[in-house]
$ cat structure21.txt   # compact mmCIF, C-alpha atoms and all ligand atoms
# COMPACT_ATOMS: atom_id res chain seq x y z
CA MET L 561 0.00 0.00 0.00
CA ARG L 562 1.36 3.41 -1.00
CA ILE L 563 0.25 6.94 -0.21
CA THR L 564 -1.05 8.69 -3.31
CA ARG L 565 -2.45 12.01 -2.13
CA ILE L 566 -3.00 14.31 0.85
CA SER L 567 -5.85 16.83 0.66
CA THR L 568 -7.77 19.07 3.07
CA ALA L 569 -11.14 20.54 3.91
CA VAL L 570 -11.90 23.27 6.45
CA LEU L 571 -15.12 23.78 8.40
CA GLU L 572 -15.96 27.14 9.92
CA ALA L 573 -16.91 26.33 13.50
CA ASN L 574 -15.90 28.04 16.76
CA PHE L 575 -12.38 27.66 15.35
CA ASP L 576 -11.41 26.40 11.91
CA TRP L 577 -11.71 22.61 11.91
CA THR L 578 -9.11 21.43 9.41
CA ILE L 579 -9.68 17.91 8.09
CA VAL L 580 -6.82 16.00 6.44
CA ARG L 581 -7.47 13.16 3.99
CA VAL L 582 -4.75 10.66 3.05
CA GLU L 583 -5.48 8.42 0.04
CA THR L 584 -3.66 5.25 -1.02
CA ASP L 585 -3.25 3.17 -4.16
CA GLU L 586 -5.37 0.42 -2.55
CA GLY L 587 -8.34 2.73 -2.18
CA VAL L 588 -8.09 2.82 1.62
CA THR L 589 -8.52 6.39 2.85
CA GLY L 590 -7.85 7.93 6.27
CA HIS L 591 -9.03 11.16 7.85
CA GLY L 592 -7.53 13.19 10.67
CA GLU L 593 -7.91 16.68 12.11
CA ALA L 594 -5.18 19.30 12.52
CA PHE L 595 -4.84 22.12 15.06
CA VAL L 596 -5.83 25.52 13.62
CA GLY L 597 -3.28 27.92 12.16
CA PRO L 598 -3.09 30.66 9.51
CA GLY L 599 -2.13 29.22 6.13
CA LEU L 600 -2.33 25.69 7.52
CA THR L 601 -3.90 23.88 4.55
CA ALA L 602 -1.15 25.02 2.18
CA VAL L 603 1.41 23.66 4.66
CA ILE L 604 -0.41 20.32 4.91
CA ARG L 605 -0.51 19.92 1.14
CA GLU L 606 3.25 20.56 0.95
CA PHE L 607 3.74 17.20 2.69
CA ASN L 608 2.56 15.46 -0.51
CA GLU L 609 6.14 15.99 -1.67
CA ILE L 610 7.52 13.88 1.19
CA LEU L 611 4.79 11.27 1.61
CA ALA L 612 3.58 10.40 -1.90
CA GLY L 613 4.75 6.87 -2.74
CA GLU L 614 5.53 5.98 0.91
CA ASP L 615 4.18 2.98 2.83
CA PRO L 616 1.69 4.54 5.30
CA THR L 617 2.23 1.78 7.87
CA SER L 618 5.80 2.98 8.53
CA ILE L 619 4.24 5.41 10.97
CA ASP L 620 7.19 6.05 13.31
CA ARG L 621 9.62 6.59 10.44
CA LEU L 622 7.21 8.81 8.50
CA ILE L 623 6.62 11.02 11.52
CA ARG L 624 10.36 11.34 12.03
CA ARG L 625 10.76 12.14 8.33
CA MET L 626 8.09 14.85 8.52
CA LYS L 627 9.52 16.30 11.72
CA ALA L 628 12.95 16.50 10.10
CA SER L 629 11.49 19.10 7.73
CA ALA L 630 9.82 20.84 10.64
CA ILE L 631 13.02 21.00 12.66
CA TYR L 632 14.78 22.48 9.64
CA CYS L 633 12.04 25.06 9.10
CA SER L 634 11.06 25.29 12.83
CA PRO L 635 8.04 23.56 14.45
CA GLY L 636 4.77 25.42 15.21
CA LEU L 637 2.50 25.31 12.18
CA LEU L 638 4.45 22.43 10.64
CA TYR L 639 3.72 20.36 13.72
CA HIS L 640 0.03 21.25 13.44
CA ALA L 641 0.13 19.83 9.90
CA ILE L 642 2.04 16.72 10.95
CA GLY L 643 -0.43 15.98 13.77
CA GLY L 644 -3.36 16.03 11.35
CA ILE L 645 -1.58 13.87 8.78
CA GLU L 646 -0.43 11.39 11.44
CA SER L 647 -3.97 10.98 12.70
CA ALA L 648 -5.19 10.31 9.14
CA LEU L 649 -2.39 7.74 8.68
CA LEU L 650 -3.42 5.91 11.87
CA ASP L 651 -7.05 5.99 10.72
CA LEU L 652 -6.16 4.34 7.42
CA ILE L 653 -3.76 1.80 8.99
CA GLY L 654 -6.56 0.81 11.35
CA LYS L 655 -9.05 0.47 8.50
CA ARG L 656 -6.65 -1.56 6.40
CA HIS L 657 -5.87 -3.96 9.29
CA LYS L 658 -9.32 -3.82 10.90
CA MET L 659 -8.11 -2.49 14.24
CA PRO L 660 -9.24 0.53 16.23
CA VAL L 661 -6.48 3.10 16.71
CA TRP L 662 -6.36 2.45 20.48
CA GLN L 663 -5.31 -1.11 19.67
CA ILE L 664 -2.49 0.11 17.42
CA LEU L 665 -1.40 2.29 20.36
CA GLY L 666 -1.12 -0.77 22.61
CA GLY L 667 -4.62 -1.49 23.85
CA LYS L 668 -7.06 0.34 26.09
CA TYR L 669 -7.23 1.09 29.80
CA ARG L 670 -10.86 2.21 29.78
CA ASP L 671 -14.10 1.84 27.83
CA PHE L 672 -15.19 5.45 28.38
CA VAL L 673 -13.11 8.62 28.31
CA THR L 674 -14.04 11.48 30.64
CA ILE L 675 -14.70 14.68 28.74
CA TYR L 676 -14.35 18.04 30.39
CA ALA L 677 -16.41 20.92 29.06
CA ASP L 678 -14.69 24.19 28.33
CA CYS L 679 -17.28 26.75 29.43
CA HIS L 680 -15.25 29.85 28.48
CA ALA L 681 -16.62 32.71 30.57
CA GLY L 682 -20.19 31.67 31.03
CA GLU L 683 -21.44 32.78 27.63
CA ALA L 684 -21.20 31.03 24.27
CA LEU L 685 -17.84 31.33 22.58
CA GLU L 686 -17.86 33.40 19.43
CA SER L 687 -16.44 31.99 16.24
CA ILE L 688 -12.89 33.24 15.71
CA THR L 689 -10.46 33.23 12.82
CA PRO L 690 -7.00 31.60 12.97
CA MET L 691 -5.75 35.07 13.99
CA LEU L 692 -8.27 35.16 16.90
CA LYS L 693 -10.49 37.79 15.29
CA PRO L 694 -14.24 37.38 15.88
CA ARG L 695 -16.23 36.42 12.77
CA THR L 696 -19.73 35.47 11.76
CA PRO L 697 -19.50 32.10 9.96
CA HIS L 698 -20.96 32.17 6.44
CA TRP L 699 -23.54 29.52 7.40
CA MET L 700 -24.94 31.97 9.99
CA GLY L 701 -25.46 34.61 7.35
CA GLY L 702 -21.86 35.57 6.72
CA GLY L 703 -20.43 39.02 6.49
CA THR L 704 -18.45 40.84 9.09
CA PRO L 705 -19.75 41.01 12.66
CA ALA L 706 -20.84 44.47 13.62
CA ASP L 707 -18.42 44.49 16.51
CA ASN L 708 -15.48 43.36 14.40
CA ASP L 709 -14.14 46.87 14.44
CA ALA L 710 -14.12 46.99 18.21
CA ARG L 711 -10.74 46.87 19.90
CA ILE L 712 -9.92 43.21 20.29
CA SER L 713 -8.07 42.64 23.49
CA VAL L 714 -4.59 41.17 23.28
CA ARG L 715 -4.73 39.87 26.81
CA HIS L 716 -8.20 38.45 26.67
CA HIS L 717 -7.67 35.87 23.99
CA GLY L 718 -9.89 37.25 21.26
CA TRP L 719 -12.43 38.83 23.60
CA ASP L 720 -13.91 42.17 22.89
CA ALA L 721 -12.49 44.29 25.69
CA ASN L 722 -15.38 46.74 25.27
CA ARG L 723 -17.86 44.26 26.70
CA PRO L 724 -16.86 43.66 30.33
CA GLU L 725 -20.57 43.70 31.23
CA ALA L 726 -20.77 40.20 29.68
CA VAL L 727 -18.70 38.88 32.60
CA THR L 728 -20.74 38.26 35.75
CA PRO L 729 -20.64 35.57 38.46
CA GLU L 730 -24.30 34.85 37.61
CA ALA L 731 -23.42 33.98 34.00
CA TYR L 732 -20.72 31.56 35.19
CA VAL L 733 -23.08 29.92 37.65
CA ALA L 734 -25.81 29.56 35.01
CA ARG L 735 -23.40 27.93 32.58
CA ALA L 736 -21.92 25.65 35.25
CA THR L 737 -25.35 24.51 36.38
CA GLN L 738 -26.42 23.87 32.79
CA MET L 739 -23.28 21.83 31.91
CA ALA L 740 -23.39 19.86 35.17
CA ALA L 741 -27.03 19.00 34.38
CA ARG L 742 -25.85 17.68 31.01
CA GLY L 743 -23.68 15.22 32.95
CA PHE L 744 -20.23 16.81 32.77
CA ARG L 745 -18.16 16.05 35.85
CA ILE L 746 -15.28 18.40 35.04
CA LEU L 747 -15.83 21.98 33.92
CA LYS L 748 -13.31 24.61 32.90
CA PHE L 749 -13.80 28.38 32.91
CA ASP L 750 -11.71 31.40 31.94
CA VAL L 751 -11.05 34.19 34.41
CA ASP L 752 -8.69 36.15 32.15
CA VAL L 753 -11.61 38.01 30.68
CA PRO L 754 -12.53 41.71 30.53
CA MET L 755 -13.55 42.61 34.08
CA PRO L 756 -16.00 45.35 35.00
CA PHE L 757 -13.22 47.69 36.12
CA GLU L 758 -10.07 49.08 34.59
CA THR L 759 -7.09 46.74 34.17
CA ASP L 760 -3.81 46.89 32.26
CA GLU L 761 -3.63 44.14 29.69
CA TYR L 762 0.11 44.27 29.07
CA ASN L 763 1.90 44.29 32.43
CA ARG L 764 1.16 40.70 33.51
CA GLY L 765 -0.29 42.02 36.75
CA PHE L 766 -3.53 41.26 38.49
CA CYS L 767 -5.05 44.07 40.56
CA LEU L 768 -6.64 43.24 43.92
CA ARG L 769 -10.16 43.70 42.59
CA GLU L 770 -9.43 41.28 39.73
CA VAL L 771 -8.18 38.62 42.13
CA ASP L 772 -11.21 39.04 44.35
CA PHE L 773 -13.62 39.06 41.40
CA ALA L 774 -12.08 35.86 40.00
CA ALA L 775 -12.24 34.22 43.43
CA GLU L 776 -15.86 35.31 43.83
CA ILE L 777 -16.76 33.81 40.44
CA VAL L 778 -15.06 30.50 41.22
CA GLN L 779 -16.50 30.26 44.73
CA ASN L 780 -20.00 30.91 43.37
CA VAL L 781 -19.54 28.19 40.77
CA ARG L 782 -18.21 25.78 43.40
CA LYS L 783 -21.21 26.47 45.62
CA ALA L 784 -23.60 25.91 42.69
CA VAL L 785 -22.14 22.59 41.50
CA GLY L 786 -21.04 21.12 44.82
CA LEU L 787 -18.14 18.72 45.29
CA ASP L 788 -19.20 16.16 42.67
CA VAL L 789 -18.09 18.41 39.82
CA GLU L 790 -14.41 19.19 39.42
CA LEU L 791 -13.42 22.69 38.34
CA ALA L 792 -10.48 23.97 36.34
CA ILE L 793 -9.59 27.56 35.50
CA ASP L 794 -7.71 28.75 32.41
CA CYS L 795 -5.62 31.94 32.35
CA HIS L 796 -4.16 31.81 28.81
CA TRP L 797 -0.58 32.81 29.73
CA ASN L 798 -1.52 36.28 30.95
CA TYR L 799 0.22 36.76 34.26
CA GLY L 800 3.61 36.99 35.90
CA VAL L 801 4.81 34.96 38.89
CA ALA L 802 3.51 37.29 41.61
CA ALA L 803 0.04 37.64 40.08
CA ALA L 804 -0.14 33.91 39.37
CA VAL L 805 0.72 33.05 42.97
CA ASP L 806 -1.80 35.58 44.25
CA LEU L 807 -4.55 34.11 42.09
CA ALA L 808 -3.64 30.47 42.76
CA ARG L 809 -3.73 31.10 46.52
CA ALA L 810 -7.01 33.01 46.32
CA LEU L 811 -8.54 30.02 44.50
CA GLU L 812 -7.29 27.41 46.99
CA PRO L 813 -10.61 27.20 48.90
CA ALA L 814 -12.35 26.16 45.66
CA ARG L 815 -10.08 23.08 45.48
CA LEU L 816 -9.47 23.29 41.74
CA ALA L 817 -8.57 20.26 39.67
CA TRP L 818 -6.01 22.54 38.02
CA LEU L 819 -5.16 26.16 37.23
CA GLU L 820 -4.12 26.28 33.60
CA ASP L 821 -1.47 28.50 32.01
CA PRO L 822 -1.22 31.27 34.60
CA LEU L 823 2.19 32.11 33.05
CA PRO L 824 3.50 32.42 29.49
CA PRO L 825 4.66 28.98 28.37
CA GLU L 826 8.38 29.36 27.82
CA ASN L 827 9.82 30.10 31.29
CA ILE L 828 9.79 26.68 32.90
CA PRO L 829 11.56 27.60 36.19
CA ALA L 830 8.90 30.28 36.76
CA PHE L 831 6.30 27.50 36.89
CA ARG L 832 8.24 25.96 39.78
CA GLU L 833 8.09 29.29 41.62
CA VAL L 834 4.31 29.38 41.28
CA GLN L 835 3.67 25.71 41.96
CA SER L 836 5.89 25.68 45.05
CA ALA L 837 3.93 28.63 46.50
CA THR L 838 0.43 27.15 46.24
CA ARG L 839 -1.46 23.92 46.74
CA THR L 840 -3.61 24.67 43.69
CA PRO L 841 -2.31 22.28 41.01
CA ILE L 842 -0.78 24.21 38.11
CA ALA L 843 -1.04 22.79 34.59
CA THR L 844 0.44 23.82 31.26
CA GLY L 845 1.49 22.21 27.99
CA GLU L 846 -0.74 23.17 25.07
CA ASN L 847 2.01 25.35 23.56
CA HIS L 848 4.78 22.77 23.78
CA PHE L 849 5.74 20.33 21.06
CA PHE L 850 8.83 18.46 22.31
CA ARG L 851 8.93 15.59 24.76
CA LEU L 852 12.07 17.11 26.24
CA ASP L 853 10.17 20.28 27.16
CA PHE L 854 7.47 18.22 28.88
CA GLN L 855 10.18 16.41 30.80
CA ARG L 856 11.53 19.81 31.89
CA LEU L 857 8.05 20.92 32.96
CA ILE L 858 8.02 17.93 35.29
CA THR L 859 11.58 17.96 36.59
CA GLU L 860 12.36 21.71 36.49
CA GLY L 861 8.83 23.11 36.62
CA GLY L 862 7.66 20.82 39.40
CA LEU L 863 4.31 20.25 37.69
CA ARG L 864 2.13 17.24 38.46
CA ILE L 865 -0.44 17.78 35.70
CA LEU L 866 0.40 18.40 32.06
CA ALA L 867 -2.05 19.71 29.45
CA PRO L 868 -0.63 18.96 25.98
CA ASP L 869 -2.76 19.45 22.88
CA VAL L 870 -3.93 16.27 21.14
CA GLN L 871 -3.60 17.62 17.61
CA LYS L 872 -0.30 19.47 18.10
CA ILE L 873 1.37 16.46 19.68
CA GLY L 874 -0.32 13.70 17.68
CA LEU L 875 -1.44 10.29 18.88
CA TRP L 876 1.78 8.41 18.26
CA GLU L 877 3.94 10.96 20.05
CA GLY L 878 1.16 11.44 22.59
CA LYS L 879 1.45 7.85 23.71
CA LYS L 880 5.21 8.26 24.13
CA LEU L 881 4.61 11.47 26.07
CA ALA L 882 2.10 9.74 28.34
CA ASP L 883 4.67 7.02 29.05
CA LEU L 884 7.27 9.64 29.92
CA ALA L 885 4.87 11.42 32.27
CA ASP L 886 3.89 8.13 33.88
CA LEU L 887 7.51 7.55 34.87
CA HIS L 888 7.08 10.59 37.12
CA TYR L 889 3.49 9.71 38.25
CA VAL L 890 2.31 12.77 36.35
CA ASN L 891 -1.21 12.87 34.88
CA LEU L 892 -2.35 14.37 31.61
CA THR L 893 -5.42 16.43 30.89
CA TRP L 894 -5.49 16.66 27.11
CA HIS L 895 -6.19 20.03 25.49
CA ASN L 896 -8.53 19.76 22.50
CA ILE L 897 -10.34 22.44 20.47
CA SER L 898 -11.19 20.26 17.51
CA GLY L 899 -14.40 18.95 15.96
CA PRO L 900 -15.78 15.41 16.22
CA LEU L 901 -12.95 13.80 14.23
CA GLY L 902 -10.15 15.31 16.29
CA THR L 903 -12.07 14.76 19.51
CA MET L 904 -12.46 11.06 18.70
CA ALA L 905 -8.73 10.87 17.92
CA GLY L 906 -8.18 12.19 21.45
CA VAL L 907 -10.50 9.50 22.81
CA HIS L 908 -8.23 6.78 21.35
CA LEU L 909 -5.18 8.39 22.89
CA CYS L 910 -6.88 8.82 26.26
CA ALA L 911 -8.05 5.19 26.18
CA ALA L 912 -4.55 3.90 25.46
CA ALA L 913 -2.66 5.51 28.38
CA PRO L 914 -3.12 4.92 32.12
CA ASN L 915 -2.34 8.43 33.39
CA VAL L 916 -5.19 10.42 31.85
CA LEU L 917 -7.53 12.72 33.77
CA ALA L 918 -9.73 13.89 30.93
CA LEU L 919 -10.04 15.15 27.37
CA GLU L 920 -11.25 18.67 26.65
CA TRP L 921 -14.34 19.52 24.61
CA HIS L 922 -14.53 23.09 23.38
CA ALA L 923 -17.48 22.85 21.02
CA ALA L 924 -20.54 23.09 23.26
CA SER L 925 -21.67 26.18 21.35
CA VAL L 926 -21.24 24.63 17.87
CA PRO L 927 -24.72 23.55 16.69
CA PHE L 928 -23.51 20.97 14.11
CA PHE L 929 -20.97 18.95 16.16
CA ASP L 930 -23.06 15.75 16.04
CA GLU L 931 -24.77 16.54 12.77
CA ILE L 932 -21.59 16.05 10.71
CA VAL L 933 -20.92 12.54 12.10
CA ARG L 934 -22.13 9.75 9.76
CA ASP L 935 -24.40 6.99 11.10
CA SER L 936 -24.27 8.37 14.64
CA GLU L 937 -26.73 6.96 17.12
CA GLY L 938 -27.29 10.10 19.13
CA PRO L 939 -24.77 12.56 20.56
CA MET L 940 -21.10 11.56 20.78
CA ILE L 941 -20.84 12.83 24.35
CA VAL L 942 -23.25 11.30 26.83
CA ASP L 943 -23.10 12.10 30.55
CA GLY L 944 -19.76 13.82 30.11
CA ARG L 945 -18.10 10.78 28.59
CA ILE L 946 -17.37 9.30 25.16
CA ARG L 947 -17.53 5.55 24.61
CA VAL L 948 -14.26 4.23 23.17
CA PRO L 949 -15.17 2.91 19.70
CA ASP L 950 -14.35 -0.61 18.50
CA ALA L 951 -14.73 0.13 14.78
CA PRO L 952 -11.52 0.13 12.70
CA GLY L 953 -9.35 3.26 12.56
CA LEU L 954 -10.68 6.26 14.44
CA GLY L 955 -14.11 4.60 14.42
CA ILE L 956 -15.86 7.71 13.14
CA GLU L 957 -16.74 8.95 9.65
CA LEU L 958 -17.74 12.48 8.80
CA ASP L 959 -20.96 12.99 6.85
CA LEU L 960 -19.37 14.99 4.06
CA ASP L 961 -22.67 16.25 2.65
CA ALA L 962 -23.57 17.64 6.05
CA ALA L 963 -20.04 18.95 6.61
CA TYR L 964 -20.02 20.70 3.22
CA LYS L 965 -22.69 23.12 4.42
CA TYR L 966 -20.24 24.43 7.01
CA ARG L 967 -17.15 24.61 4.79
CA LYS L 968 -14.93 27.67 5.01
CA PRO L 969 -15.26 29.90 1.93
CA GLY L 970 -12.04 30.12 -0.07
CA GLU L 971 -10.74 26.75 1.17
CA ALA L 972 -10.66 23.51 -0.83
CA PHE L 973 -13.08 20.77 0.18
CA PHE L 974 -10.82 17.82 -0.69
CA GLU L 975 -10.87 18.87 -4.39
MG MG L 1001 -5.90 26.44 27.76
$ encode --input "structure21.txt" --output "structure tokens" --more "lines below"
Ligand SMILES: [Mg+2]
Amino acid sequence: MRITRISTAVLEANFDWTIVRVETDEGVTGHGEAFVGPGLTAVIREFNEILAGEDPTSIDRLIRRMKASAIYCSPGLLYHAIGGIESALLDLIGKRHKMPVWQILGGKYRDFVTIYADCHAGEALESITPMLKPRTPHWMGGGTPADNDARISVRHHGWDANRPEAVTPEAYVARATQMAARGFRILKFDVDVPMPFETDEYNRGFCLREVDFAAEIVQNVRKAVGLDVELAIDCHWNYGVAAAVDLARALEPARLAWLEDPLPPENIPAFREVQSATRTPIATGENHFFRLDFQRLITEGGLRILAPDVQKIGLWEGKKLADLADLHYVNLTWHNISGPLGTMAGVHLCAAAPNVLALEWHAASVPFFDEIVRDSEGPMIVDGRIRVPDAPGLGIELDLDAAYKYRKPGEAFFE
């Protein structure tokens, strides 16, 4: 069996969902999903030059071959492309040999994978471009959102800084109650959002009122959901050590499952400073690509929970990373902002490693998440879990007719 062609399609959801298709001369086809990035589909298609004519079952060697080009050109977007291609390769290997991907990865530890719901800041997440600019997807009527010209906050991760009134403890509580009622047992919220008082978005500080407001939000949510629902908080790399420690300590009474990315990702010793000053577990990892950096986060950063991204790392490398973390009794909570295909890829990875807390789901506000899955018998996520599939490959097929309705204008749809 030889690879003949790699092509792409992009759906306009909360983020771009980039689907990779790998075709072979035997007619077996695999699909995978790649992490979003500007110009990504052109990068993915460039890999035709390396992979056409190759045996797709040489998965370890092919990944190394692809990463050699990425190391030469530098990782980032190239790794996003490789993750999507790798997932499609595993899907087609599984289909060819009639094995689910979790079996290729060494077997499964569990029949259901716990899904945690990313609840943002209590309101539905807007759709954003690969450059984090709000947009109205074409299937919602298209055009440019009226507030597109508003100042988009650097600090607040694509949020419109002119709308702090959208952030209230009541909105968080309402969202938490709603998601807990849907059966989710781990919820994640953002507190690095525009607050109803003046803050500086560049100095990595956290004023006293911000700390207290964040603590009030989290305490209210904890009170509303009780102790049966675990809570995590995401800070999107916005603070410095002092502010991070202040926040982490203020949130200690809420007994968080983890506090995610309080610091920018690159300064690993700074994570040790924060973690050693608080009993709130600190997690990071979605910006890292190399196993060596994850090892440093454990040994130099003193972290006990890592949060790598499924699509950036890939399933094959993800299994190796899980093994490395397990040597240190470190658990993984996998970051995931993808659609159904990428989410199911994460399910296989989470099934195949012992030290997994949960897999993220970011798409609660996307109305077509289940609609674009072929032959589905109801929603993929039931009671905050996904059943590990036994069908060959990733065990999920997209309904391409349904998916086509949500394609991104200007992008190929596997043509
Ligand atoms: Mg995050």
$ closest_atom_pairs --input "structure21.txt" --of "stretch 576-595 of chain L" --to "stretch 952-969 of chain L" --cutoff "12 Å" --atoms "all atoms listed in the file" --output "CSV"
residue,atom,partner,partner_atom,distance
L:Asp576,CA,L:Lys968,CA,7.8
L:Trp577,CA,L:Lys968,CA,9.1
L:Thr578,CA,L:Lys968,CA,9.6
L:Ile579,CA,L:Leu958,CA,9.7
L:Val580,CA,L:Leu958,CA,11.7
L:Arg581,CA,L:Leu958,CA,11.4
L:Val588,CA,L:Gly953,CA,11.0
L:Thr589,CA,L:Gly953,CA,10.2
L:Gly590,CA,L:Gly953,CA,8.0
L:His591,CA,L:Glu957,CA,8.2
L:Gly592,CA,L:Leu954,CA,8.5
L:Glu593,CA,L:Leu954,CA,11.0
$ residues_near_ligand --input "structure21.txt" --ligand "ligand MG 1001 (chain L)" --cutoff "9 Å" --atoms "all atoms listed in the file" --output "JSON, numbers by chain"
{"L": [750, 793, 794, 795, 796, 797, 820, 821, 844, 845, 846, 867, 895, 896]}
$ residues_around --input "structure21.txt" --residues "L:Ala814" --least-positions-apart "2" --cutoff "12 Å" --atoms "only C-alpha atoms" --output "PyMOL selection string"
chain L and resi 774-787+789-793+807-812+816-819+839-841
$ residues_around --input "structure21.txt" --residues "L:Glu646" --least-positions-apart "3" --cutoff "12 Å" --atoms "all atoms listed in the file" --output "ChimeraX atom specification"
/L:566,579-582,590-594,604,607,611,616-627,639-643,649-653,661,870-878,902,905,954
$ write_last_selection --input "structure21.txt" --atoms "C-alpha atoms" --output "PDB file, keeping the file's coordinate frame"
ATOM      1  CA  ILE L 566      -3.000  14.310   0.850  1.00  0.00           C
ATOM      2  CA  ILE L 579      -9.680  17.910   8.090  1.00  0.00           C
ATOM      3  CA  VAL L 580      -6.820  16.000   6.440  1.00  0.00           C
ATOM      4  CA  ARG L 581      -7.470  13.160   3.990  1.00  0.00           C
ATOM      5  CA  VAL L 582      -4.750  10.660   3.050  1.00  0.00           C
ATOM      6  CA  GLY L 590      -7.850   7.930   6.270  1.00  0.00           C
ATOM      7  CA  HIS L 591      -9.030  11.160   7.850  1.00  0.00           C
ATOM      8  CA  GLY L 592      -7.530  13.190  10.670  1.00  0.00           C
ATOM      9  CA  GLU L 593      -7.910  16.680  12.110  1.00  0.00           C
ATOM     10  CA  ALA L 594      -5.180  19.300  12.520  1.00  0.00           C
ATOM     11  CA  ILE L 604      -0.410  20.320   4.910  1.00  0.00           C
ATOM     12  CA  PHE L 607       3.740  17.200   2.690  1.00  0.00           C
ATOM     13  CA  LEU L 611       4.790  11.270   1.610  1.00  0.00           C
ATOM     14  CA  PRO L 616       1.690   4.540   5.300  1.00  0.00           C
ATOM     15  CA  THR L 617       2.230   1.780   7.870  1.00  0.00           C
ATOM     16  CA  SER L 618       5.800   2.980   8.530  1.00  0.00           C
ATOM     17  CA  ILE L 619       4.240   5.410  10.970  1.00  0.00           C
ATOM     18  CA  ASP L 620       7.190   6.050  13.310  1.00  0.00           C
ATOM     19  CA  ARG L 621       9.620   6.590  10.440  1.00  0.00           C
ATOM     20  CA  LEU L 622       7.210   8.810   8.500  1.00  0.00           C
ATOM     21  CA  ILE L 623       6.620  11.020  11.520  1.00  0.00           C
ATOM     22  CA  ARG L 624      10.360  11.340  12.030  1.00  0.00           C
ATOM     23  CA  ARG L 625      10.760  12.140   8.330  1.00  0.00           C
ATOM     24  CA  MET L 626       8.090  14.850   8.520  1.00  0.00           C
ATOM     25  CA  LYS L 627       9.520  16.300  11.720  1.00  0.00           C
ATOM     26  CA  TYR L 639       3.720  20.360  13.720  1.00  0.00           C
ATOM     27  CA  HIS L 640       0.030  21.250  13.440  1.00  0.00           C
ATOM     28  CA  ALA L 641       0.130  19.830   9.900  1.00  0.00           C
ATOM     29  CA  ILE L 642       2.040  16.720  10.950  1.00  0.00           C
ATOM     30  CA  GLY L 643      -0.430  15.980  13.770  1.00  0.00           C
ATOM     31  CA  LEU L 649      -2.390   7.740   8.680  1.00  0.00           C
ATOM     32  CA  LEU L 650      -3.420   5.910  11.870  1.00  0.00           C
ATOM     33  CA  ASP L 651      -7.050   5.990  10.720  1.00  0.00           C
ATOM     34  CA  LEU L 652      -6.160   4.340   7.420  1.00  0.00           C
ATOM     35  CA  ILE L 653      -3.760   1.800   8.990  1.00  0.00           C
ATOM     36  CA  VAL L 661      -6.480   3.100  16.710  1.00  0.00           C
ATOM     37  CA  VAL L 870      -3.930  16.270  21.140  1.00  0.00           C
ATOM     38  CA  GLN L 871      -3.600  17.620  17.610  1.00  0.00           C
ATOM     39  CA  LYS L 872      -0.300  19.470  18.100  1.00  0.00           C
ATOM     40  CA  ILE L 873       1.370  16.460  19.680  1.00  0.00           C
ATOM     41  CA  GLY L 874      -0.320  13.700  17.680  1.00  0.00           C
ATOM     42  CA  LEU L 875      -1.440  10.290  18.880  1.00  0.00           C
ATOM     43  CA  TRP L 876       1.780   8.410  18.260  1.00  0.00           C
ATOM     44  CA  GLU L 877       3.940  10.960  20.050  1.00  0.00           C
ATOM     45  CA  GLY L 878       1.160  11.440  22.590  1.00  0.00           C
ATOM     46  CA  GLY L 902     -10.150  15.310  16.290  1.00  0.00           C
ATOM     47  CA  ALA L 905      -8.730  10.870  17.920  1.00  0.00           C
ATOM     48  CA  LEU L 954     -10.680   6.260  14.440  1.00  0.00           C
TER      49      LEU L 954
END
$ closest_residue --input "structure21.txt" --among "L:Glu937, L:His908, L:Phe773, L:Phe929" --to "L:Met659" --atoms "all atoms listed in the file"
L:His908
$ atom_distance --input "structure21.txt" --atom1 "atom CA of L:Ser634" --atom2 "atom CA of L:Pro822"
25.7 Å
$ atom_distance --input "structure21.txt" --atom1 "atom CA of L:Leu901" --atom2 "atom CA of L:Leu692"
22.0 Å
$ atom_distance --input "structure21.txt" --atom1 "atom CA of L:Ser687" --atom2 "atom CA of L:Phe575"
6.0 Å
$ closest_residue --input "structure21.txt" --among "L:Phe831, L:Tyr799, L:Tyr732, L:Phe672" --to "L:Gly765" --atoms "all atoms listed in the file"
L:Tyr799
$ closest_residue --input "structure21.txt" --among "L:Gln855, L:Gly906, L:Pro949, L:Glu971" --to "L:His888" --atoms "all atoms listed in the file"
L:Gln855
$ decode --input "structure21.txt" --residues "stretch 738-754 of chain L" --atoms "C-alpha atoms" --output "mmCIF file, in the first residue's frame"
data_model
loop_
_atom_site.group_PDB
_atom_site.id
_atom_site.type_symbol
_atom_site.label_atom_id
_atom_site.label_comp_id
_atom_site.auth_asym_id
_atom_site.auth_seq_id
_atom_site.Cartn_x
_atom_site.Cartn_y
_atom_site.Cartn_z
ATOM 1 C CA GLN L 738 -26.416 23.870 32.787
ATOM 2 C CA MET L 739 -23.283 21.831 31.915
ATOM 3 C CA ALA L 740 -23.389 19.857 35.169
ATOM 4 C CA ALA L 741 -27.030 19.000 34.385
ATOM 5 C CA ARG L 742 -25.848 17.677 31.006
ATOM 6 C CA GLY L 743 -23.682 15.222 32.948
ATOM 7 C CA PHE L 744 -20.229 16.807 32.768
ATOM 8 C CA ARG L 745 -18.159 16.046 35.852
ATOM 9 C CA ILE L 746 -15.276 18.397 35.041
ATOM 10 C CA LEU L 747 -15.827 21.983 33.925
ATOM 11 C CA LYS L 748 -13.306 24.610 32.896
ATOM 12 C CA PHE L 749 -13.802 28.375 32.906
ATOM 13 C CA ASP L 750 -11.709 31.401 31.944
ATOM 14 C CA VAL L 751 -11.046 34.194 34.412
ATOM 15 C CA ASP L 752 -8.687 36.154 32.152
ATOM 16 C CA VAL L 753 -11.610 38.015 30.678
ATOM 17 C CA PRO L 754 -12.528 41.710 30.535
#
